[in-house]
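K.L.:
Enclosed is the structure file target-v6.txt (compact mmCIF, C-alpha atoms).
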```txt
# COMPACT_ATOMS: atom_id res chain seq x y z
CA MET A 1 41.80 -11.82 2.09
CA GLU A 2 38.80 -12.82 4.12
CA ILE A 3 37.94 -11.01 7.37
CA ARG A 4 35.62 -12.81 9.71
CA ILE A 5 33.18 -10.39 11.35
CA MET A 6 30.18 -12.22 12.90
CA LYS A 7 28.76 -9.01 14.36
CA GLY A 8 25.11 -8.07 14.55
CA ILE A 9 24.09 -5.15 12.38
CA MET A 10 21.62 -4.02 15.06
CA ASP A 11 24.28 -4.11 17.81
CA ALA A 12 24.94 -0.35 17.70
CA ASN A 13 21.25 0.37 18.31
CA GLY A 14 21.18 -2.41 20.91
CA GLU A 15 24.01 -0.82 22.91
CA ILE A 16 22.13 2.48 23.20
CA ALA A 17 18.96 0.55 24.08
CA THR A 18 20.85 -1.11 26.93
CA GLN A 19 22.03 2.29 28.17
CA ASN A 20 18.44 3.55 28.02
CA ARG A 21 17.26 0.50 29.97
CA THR A 22 19.85 1.20 32.70
CA TYR A 23 18.85 4.88 32.82
CA PHE A 24 15.19 3.91 33.32
CA ALA A 25 15.94 1.18 35.86
CA GLU A 26 18.06 3.54 37.99
CA ARG A 27 15.14 5.96 38.12
CA ASN A 28 12.45 3.33 38.56
CA ILE A 29 10.73 4.57 35.39
CA THR A 30 8.36 2.26 33.51
CA VAL A 31 8.57 2.64 29.74
CA ILE A 32 5.89 1.23 27.49
CA ASN A 33 6.54 1.07 23.75
CA VAL A 34 3.16 1.22 22.02
CA LEU A 35 3.21 -0.48 18.64
CA ALA A 36 0.46 -0.74 16.04
CA SER A 37 -0.48 -0.03 12.47
CA PRO A 38 -1.76 3.46 11.57
CA GLY A 39 -5.30 3.97 12.81
CA ALA A 40 -5.38 1.08 15.29
CA GLY A 41 -6.04 3.49 18.13
CA LYS A 42 -2.62 4.17 19.68
CA THR A 43 -3.27 7.82 20.49
CA THR A 44 -6.80 7.12 21.77
CA LEU A 45 -5.57 4.40 24.11
CA ILE A 46 -2.64 6.55 25.28
CA MET A 47 -5.08 9.36 26.06
CA ALA A 48 -7.22 6.90 28.04
CA ILE A 49 -4.13 5.74 29.97
CA CYS A 50 -3.15 9.36 30.71
CA ASN A 51 -6.65 10.05 32.02
CA TYR A 52 -6.58 6.96 34.19
CA LEU A 53 -3.14 7.73 35.63
CA LYS A 54 -3.60 11.47 36.11
CA ASP A 55 -3.97 11.39 39.91
CA LYS A 56 -1.89 8.25 40.39
CA ARG A 57 1.41 8.54 38.65
CA LYS A 58 3.32 11.13 36.64
CA VAL A 59 3.09 10.22 32.97
CA TYR A 60 5.09 11.38 29.96
CA VAL A 61 4.47 10.66 26.29
CA VAL A 62 6.91 10.40 23.41
CA GLU A 63 5.06 10.87 20.15
CA GLY A 64 6.71 9.33 17.11
CA ASP A 65 5.31 10.33 13.77
CA ILE A 66 6.65 10.60 10.26
CA ALA A 67 5.33 14.19 10.18
CA SER A 68 2.92 16.52 11.98
CA SER A 69 2.27 17.15 15.66
CA ILE A 70 -1.48 16.42 15.61
CA ASP A 71 -1.25 13.72 18.28
CA ALA A 72 1.16 15.64 20.49
CA GLU A 73 -1.16 18.66 20.45
CA LYS A 74 -4.09 16.54 21.62
CA LEU A 75 -2.05 15.31 24.58
CA ASP A 76 -0.65 18.74 25.31
CA GLN A 77 -4.23 20.05 25.59
CA MET A 78 -4.84 17.40 28.24
CA GLY A 79 -1.92 18.76 30.22
CA VAL A 80 0.34 15.77 29.54
CA SER A 81 4.10 16.34 29.21
CA VAL A 82 4.77 15.30 25.66
CA VAL A 83 7.69 15.43 23.25
CA GLN A 84 7.22 15.04 19.52
CA ILE A 85 9.73 13.17 17.39
CA ASN A 86 9.24 13.63 13.67
CA THR A 87 11.22 10.96 11.90
CA GLY A 88 11.08 12.89 8.61
CA GLY A 89 10.06 9.90 6.54
CA GLY A 90 11.67 7.29 8.79
CA CYS A 91 9.41 4.35 9.51
CA HIS A 92 10.41 3.63 13.12
CA LEU A 93 11.90 5.12 16.27
CA ASP A 94 15.37 4.00 17.32
CA ALA A 95 17.16 3.89 20.67
CA ASN A 96 19.08 7.10 20.01
CA MET A 97 15.86 9.03 19.29
CA LEU A 98 14.46 7.89 22.63
CA ARG A 99 17.67 8.89 24.42
CA GLU A 100 17.46 12.38 22.90
CA ALA A 101 13.76 12.62 23.82
CA MET A 102 14.60 11.84 27.46
CA LYS A 103 17.01 14.81 27.53
CA VAL A 104 14.03 17.02 26.67
CA LEU A 105 11.45 15.36 28.95
CA ASN A 106 13.76 14.63 31.88
CA PRO A 107 11.17 12.31 33.48
CA GLU A 108 10.97 12.24 37.26
CA ASP A 109 11.78 9.10 39.27
CA GLY A 110 9.00 6.55 39.50
CA SER A 111 7.11 7.95 36.52
CA ILE A 112 5.78 6.19 33.46
CA VAL A 113 6.79 6.98 29.88
CA LEU A 114 4.51 5.97 27.04
CA ILE A 115 6.10 5.83 23.61
CA GLU A 116 3.83 6.06 20.61
CA ASN A 117 5.95 4.45 17.95
CA VAL A 118 5.45 5.18 14.24
CA GLY A 119 2.30 3.45 12.95
CA ASN A 120 3.79 0.40 11.28
CA LEU A 121 3.73 -3.34 12.03
CA VAL A 122 7.09 -4.14 10.44
CA CYS A 123 10.02 -1.80 10.99
CA PRO A 124 9.69 -0.83 14.69
CA ALA A 125 10.06 -4.53 15.61
CA ALA A 126 13.71 -4.47 14.58
CA PHE A 127 14.69 -1.54 16.81
CA ASP A 128 14.93 -2.14 20.53
CA LEU A 129 14.44 1.17 22.33
CA GLY A 130 15.34 0.10 25.84
CA ASP A 131 11.70 0.04 26.92
CA SER A 132 10.33 -2.06 29.80
CA LYS A 133 7.34 -3.43 27.92
CA ARG A 134 6.05 -3.65 24.39
CA LEU A 135 2.33 -3.17 24.00
CA LEU A 136 0.95 -4.18 20.65
CA ILE A 137 -2.46 -2.89 19.58
CA ALA A 138 -4.39 -4.68 16.86
CA SER A 139 -7.81 -3.35 15.95
CA VAL A 140 -10.85 -5.38 14.92
CA PRO A 141 -11.20 -3.74 11.46
CA GLU A 142 -7.64 -4.82 10.55
CA GLY A 143 -8.74 -8.45 10.62
CA HIS A 144 -7.83 -11.58 12.54
CA ASP A 145 -4.90 -12.60 10.36
CA LYS A 146 -2.41 -10.01 11.61
CA PRO A 147 -0.41 -12.32 13.92
CA TYR A 148 0.21 -14.64 10.95
CA LYS A 149 1.52 -11.79 8.80
CA TYR A 150 3.48 -9.65 11.25
CA ILE A 151 5.28 -12.43 13.09
CA SER A 152 8.24 -10.39 14.28
CA MET A 153 6.14 -7.63 15.80
CA PHE A 154 3.81 -10.02 17.62
CA SER A 155 6.73 -12.19 18.81
CA TYR A 156 8.16 -9.33 20.86
CA ALA A 157 4.87 -8.25 22.49
CA ASP A 158 4.50 -8.30 26.29
CA ALA A 159 0.79 -7.56 26.00
CA VAL A 160 -1.67 -7.41 23.13
CA VAL A 161 -4.67 -5.11 23.00
CA LEU A 162 -7.47 -5.91 20.58
CA SER A 163 -9.10 -2.52 20.16
CA LYS A 164 -12.45 -1.39 18.73
CA VAL A 165 -14.26 -4.53 19.94
CA ASP A 166 -17.52 -2.55 19.73
CA LEU A 167 -17.23 -3.13 15.96
CA LEU A 168 -17.21 -6.94 16.25
CA PRO A 169 -20.92 -7.33 15.29
CA TYR A 170 -20.23 -5.63 11.96
CA ILE A 171 -16.99 -7.32 10.93
CA ASP A 172 -16.08 -10.91 10.05
CA PHE A 173 -13.42 -11.25 12.70
CA ASP A 174 -12.47 -14.81 13.66
CA MET A 175 -11.57 -14.40 17.34
CA ASP A 176 -10.35 -18.00 17.81
CA ASN A 177 -8.02 -17.71 14.85
CA PHE A 178 -6.64 -14.38 16.11
CA GLU A 179 -6.06 -15.68 19.63
CA ALA A 180 -4.48 -18.92 18.37
CA GLY A 181 -2.05 -16.89 16.25
CA VAL A 182 -1.05 -14.64 19.16
CA LYS A 183 -0.69 -17.59 21.56
CA ALA A 184 1.49 -19.49 19.07
CA LEU A 185 3.94 -16.58 18.91
CA VAL A 186 3.83 -15.48 22.56
CA PRO A 187 2.19 -18.23 24.62
CA ASP A 188 1.81 -16.37 27.93
CA VAL A 189 0.95 -12.92 26.65
CA PRO A 190 -2.26 -11.33 27.97
CA ILE A 191 -4.81 -10.26 25.34
CA PHE A 192 -7.03 -7.35 26.37
CA LYS A 193 -10.20 -6.92 24.34
CA LEU A 194 -11.40 -3.38 24.72
CA SER A 195 -13.12 -0.40 23.24
CA CYS A 196 -12.10 3.14 24.12
CA LYS A 197 -15.42 4.26 22.60
CA THR A 198 -17.62 2.29 25.02
CA GLY A 199 -15.10 1.78 27.82
CA GLU A 200 -15.53 -2.00 27.62
CA GLY A 201 -12.49 -3.93 28.87
CA LEU A 202 -10.52 -0.86 29.95
CA ASP A 203 -10.50 -1.73 33.68
CA GLU A 204 -8.80 -5.10 33.08
CA PHE A 205 -6.24 -3.41 30.90
CA PHE A 206 -5.51 -0.69 33.47
CA ASP A 207 -4.88 -3.44 36.03
CA TRP A 208 -2.08 -4.71 33.80
CA LEU A 209 -0.50 -1.23 33.83
CA LYS A 210 -0.07 -1.43 37.61
CA MET B 1 12.18 0.94 4.29
CA HIS B 2 13.98 0.59 7.62
CA GLU B 3 16.73 -0.82 5.38
CA TYR B 4 17.75 2.83 4.97
CA SER B 5 19.27 3.04 8.44
CA VAL B 6 20.64 -0.50 8.55
CA SER B 7 22.39 -0.07 5.19
CA LYS B 8 24.18 2.93 6.61
CA GLN B 9 25.27 0.75 9.54
CA ILE B 10 26.48 -2.04 7.23
CA VAL B 11 28.70 0.42 5.33
CA LYS B 12 30.03 1.86 8.59
CA MET B 13 30.84 -1.57 10.06
CA ALA B 14 32.44 -2.94 6.88
CA ASP B 15 34.48 0.21 6.31
CA THR B 16 35.77 0.24 9.92
CA GLU B 17 36.69 -3.46 9.88
CA ALA B 18 38.40 -3.26 6.48
CA GLN B 19 40.45 -0.22 7.52
CA ALA B 20 41.49 -1.92 10.76
CA ALA B 21 42.71 -4.90 8.74
CA GLY B 22 44.61 -2.61 6.37
CA GLY B 23 42.46 -3.51 3.38
CA LYS B 24 42.41 -1.23 0.36
CA LYS B 25 39.04 -2.10 -1.05
CA ILE B 26 36.11 -4.26 0.01
CA LEU B 27 35.18 -6.74 -2.69
CA GLU B 28 32.38 -8.61 -0.98
CA ILE B 29 30.24 -8.31 2.17
CA ARG B 30 28.54 -11.50 3.32
CA ILE B 31 25.40 -10.96 5.37
CA ALA B 32 23.22 -13.52 7.14
CA VAL B 33 19.52 -12.57 7.09
CA GLY B 34 16.85 -14.59 8.85
CA ASP B 35 13.48 -14.73 7.15
CA LEU B 36 11.83 -13.25 10.25
CA SER B 37 14.31 -10.38 10.52
CA THR B 38 12.02 -8.08 8.47
CA PHE B 39 14.84 -7.04 6.12
CA VAL B 40 14.65 -7.18 2.34
CA ASP B 41 17.85 -7.90 0.36
CA GLU B 42 17.02 -5.72 -2.66
CA SER B 43 16.22 -2.77 -0.46
CA ILE B 44 19.51 -3.08 1.45
CA GLN B 45 21.32 -3.30 -1.91
CA MET B 46 19.69 -0.09 -3.14
CA TYR B 47 20.58 1.99 -0.05
CA PHE B 48 24.01 0.35 0.18
CA GLU B 49 24.99 1.76 -3.19
CA LEU B 50 23.97 5.21 -1.99
CA PHE B 51 25.86 5.12 1.31
CA SER B 52 28.98 3.26 0.17
CA ALA B 53 30.02 5.94 -2.32
CA GLY B 54 33.46 7.25 -1.37
CA THR B 55 34.13 4.50 1.21
CA LEU B 56 36.18 1.30 1.00
CA ALA B 57 32.88 -0.49 0.43
CA GLN B 58 32.09 1.33 -2.80
CA GLY B 59 31.38 -1.21 -5.54
CA ALA B 60 31.43 -4.17 -3.12
CA LYS B 61 29.17 -7.08 -3.85
CA LEU B 62 26.58 -7.87 -1.19
CA VAL B 63 26.03 -11.59 -0.72
CA PHE B 64 22.97 -12.51 1.34
CA ARG B 65 22.59 -15.87 3.02
CA ARG B 66 18.88 -16.20 3.78
CA ILE B 67 18.06 -18.35 6.80
CA PRO B 68 14.57 -19.92 6.77
CA ALA B 69 12.50 -19.45 9.93
CA GLU B 70 12.27 -22.55 12.10
CA PHE B 71 9.32 -23.11 14.42
CA PHE B 72 9.24 -25.61 17.27
CA CYS B 73 6.49 -28.22 17.49
CA LYS B 74 5.77 -29.20 21.10
CA THR B 75 3.86 -32.33 20.07
CA CYS B 76 6.66 -33.73 17.89
CA GLY B 77 9.40 -32.23 20.03
CA LYS B 78 11.32 -30.86 17.06
CA ASN B 79 11.83 -27.87 14.78
CA PHE B 80 10.28 -27.49 11.36
CA VAL B 81 10.71 -24.89 8.64
CA LYS B 82 7.77 -22.50 8.80
CA PRO B 83 5.38 -23.12 5.91
CA LYS B 84 4.50 -20.18 3.65
CA THR B 85 1.19 -19.67 5.43
CA GLY B 86 0.47 -20.21 9.11
CA PHE B 87 2.50 -21.86 11.86
CA ASP B 88 1.32 -25.48 11.54
CA CYS B 89 3.73 -28.38 11.88
CA PRO B 90 3.84 -30.34 8.58
CA THR B 91 4.06 -33.65 10.48
CA CYS B 92 1.23 -33.44 13.03
CA GLY B 93 -0.63 -30.25 12.13
CA SER B 94 -0.43 -28.64 15.56
CA GLN B 95 0.67 -25.04 15.86
CA GLY B 96 4.38 -24.41 16.38
CA SER B 97 6.09 -21.43 17.99
CA PRO B 98 9.05 -19.35 16.79
CA THR B 99 12.65 -20.16 17.70
CA GLU B 100 15.73 -17.94 17.40
CA ILE B 101 16.42 -19.48 13.98
CA GLY B 102 15.18 -17.00 11.40
CA LYS B 103 15.81 -13.81 13.40
CA GLU B 104 19.50 -13.44 12.39
CA PHE B 105 20.88 -10.24 10.96
CA PHE B 106 24.65 -9.98 11.03
CA ILE B 107 27.74 -9.52 8.87
CA GLU B 108 29.51 -12.86 8.55
CA SER B 109 32.65 -11.83 6.71
CA LEU B 110 34.28 -9.48 4.24
CA GLU B 111 36.47 -10.17 1.25
CA VAL B 112 38.99 -7.36 0.94
CA GLU B 113 41.81 -6.49 -1.41
CA ASP B 114 45.12 -6.35 0.54
```
Output the file's structure in the form of structure tokens.
P.N.:
Amino acid sequence: MEIRIMKGIMDANGEIATQNRTYFAERNITVINVLASPGAGKTTLIMAICNYLKDKRKVYVVEGDIASSIDAEKLDQMGVSVVQINTGGGCHLDANMLREAMKVLNPEDGSIVLIENVGNLVCPAAFDLGDSKRLLIASVPEGHDKPYKYISMFSYADAVVLSKVDLLPYIDFDMDNFEAGVKALVPDVPIFKLSCKTGEGLDEFFDWLK
Amino acid sequence: MHEYSVSKQIVKMADTEAQAAGGKKILEIRIAVGDLSTFVDESIQMYFELFSAGTLAQGAKLVFRRIPAEFFCKTCGKNFVKPKTGFDCPTCGSQGSPTEIGKEFFIESLEVED
């Protein structure tokens, strides 16, 4: 016999994500899911955000990594409240992992939670966490073709950071092609071109955080 | 490799639904997968065999219905199937934008032994 199902396979994760979203909304907590490939500069930008916000708003960081606590230790040394999630080989964070992390962090009302997702431009796109905003970082050395290859990830972005722009003179990076690709997928998304090394473009980006 | 966790979920969903319907064994699971969903059929198949052992879904055949990604062309005012490379409309050449078609990932139906 045939049984008609017509149910989304991601629905179970989606339900927890919705609960997370309600939890954050009730506490007026902003949650930014930071997505990028390994080495794009997620931790560096998160550290810059923490520095910028230190006298303005309480900030918490959820560090997702396949293994190690290298990034979490860096943030801990800065005095940031951080929780490390080691996925043990898993290529993404899911809504349940974020829920568990919140039990540990117990963020105060009105704070901001930055999630450093696992470095990967494919898998994290499929798992809604219940965040408020998705920030995608692409770095200049990765090349301008990334929006054309990682369609799903770019499609869900609320803001795109192009990092390491200080390297533009040394790399064949077609800016028009990159921007056209991003705009095709998410027409109204802001693109922040910045360098954490030189500080270029950071002020405009911090304005977006407000 | 995020197919690892979704395969687990497919087994769980199919097993629950088949039991609720009083089925003895799941023969086939039909899954709709959009080309932009980021999931790979062969990878789901591999993990499925691992997770289905000892459940009603053990030995079931997975049938994937791939749904091509459709982009919308503003200039022509209609959808087109995304070409292999880029987002350009095959009619007018202007860049299209993604639609919901191609993002699907759901179980359509099961075939079970009564």
K.L.:
Could you please give me, as a list in words, the residues of protein, DNA or RNA lying at most 12 Å from (18.8, 9.1, 28.4) in the coordinate frame of the file, considering all atoms listed in the file?
P.N.:
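In the file's frame, the residues around the point are Ile16, Ala17, Thr18, Gln19, Asn20, Arg21, Thr22, Tyr23, Phe24, Ala25, Glu26, Arg27, Ile29, Ala95, Asn96, Met97, Leu98, Arg99, Glu100, Ala101, Met102, Lys103, Val104, Leu105, Asn106, Pro107, Leu129, Gly130 and Asp131 of chain A.
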K.L.:
Provide as a short mmCIF file (atom, residue, chain, number, x, y, z; two decimals) with C-alpha atoms, in the frame of the given file the residues of chain B at most 6 Å from chain A, counting only C-alpha atoms.
P.N.:
```cif
data_model
loop_
_atom_site.label_atom_id
_atom_site.label_comp_id
_atom_site.auth_asym_id
_atom_site.auth_seq_id
_atom_site.Cartn_x
_atom_site.Cartn_y
_atom_site.Cartn_z
CA HIS B 2 13.98 0.59 7.62
CA GLY B 86 0.47 -20.21 9.11
CA SER B 97 6.09 -21.43 17.99
CA PHE B 105 20.88 -10.24 10.96
CA PHE B 106 24.65 -9.98 11.03
CA ILE B 107 27.74 -9.52 8.87
CA GLU B 108 29.51 -12.86 8.55
CA SER B 109 32.65 -11.83 6.71
CA LEU B 110 34.28 -9.48 4.24
CA GLU B 111 36.47 -10.17 1.25
CA VAL B 112 38.99 -7.36 0.94
#
```
K.L.:
Can you pull out the residues contacting Phe48 (chain B)? Cut-off 8 Å, using all atoms listed in the file, and skip same-chain residues under 5 positions away; I want them as a ChimeraX atom specification.
P.N.:
/B:7-8,10-11
K.L.:
Please provide as a list in words all residues within 7 Å of Phe71 (chain B), with the sequence filter that same-chain residues fewer than 4 positions apart are discarded (counting all atoms listed in the file).
P.N.:
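Once the nearby chain positions are removed, what remains is Asn79, Phe80, Val81, Lys82, Gly96, Ser97, Pro98 and Thr99 of chain B.
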K.L.:
Quick one: everything within 7 Å of Phe192 (chain A), counting only C-alpha atoms, minus sequence neighbours fewer than 2 positions away in the same chain. Send it as a PyMOL selection string.
P.N.:
chain A and resi 160-162+190+194+201+205
K.L.:
Please produce a file of the residues just selected, as a compact mmCIF listing (two decimals), in the frame of the given file, where the atoms kept are C-alpha atoms.
P.N.:
```
# COMPACT_ATOMS: atom_id res chain seq x y z
CA VAL A 160 -1.67 -7.41 23.13
CA VAL A 161 -4.67 -5.11 23.00
CA LEU A 162 -7.47 -5.91 20.58
CA PRO A 190 -2.26 -11.33 27.97
CA LEU A 194 -11.40 -3.38 24.72
CA GLY A 201 -12.49 -3.93 28.87
CA PHE A 205 -6.24 -3.41 30.90
```
K.L.:
So for region 29-44 of chain A, what box centre and size do we get, axis-aligned, 8 Å extra on each of the six sides, every listed atom, Å to one decimal, as JSON?
P.N.:
```
{"center_x": 2.0, "center_y": 3.5, "center_z": 23.5, "size_x": 33.5, "size_y": 24.6, "size_z": 39.8}
```
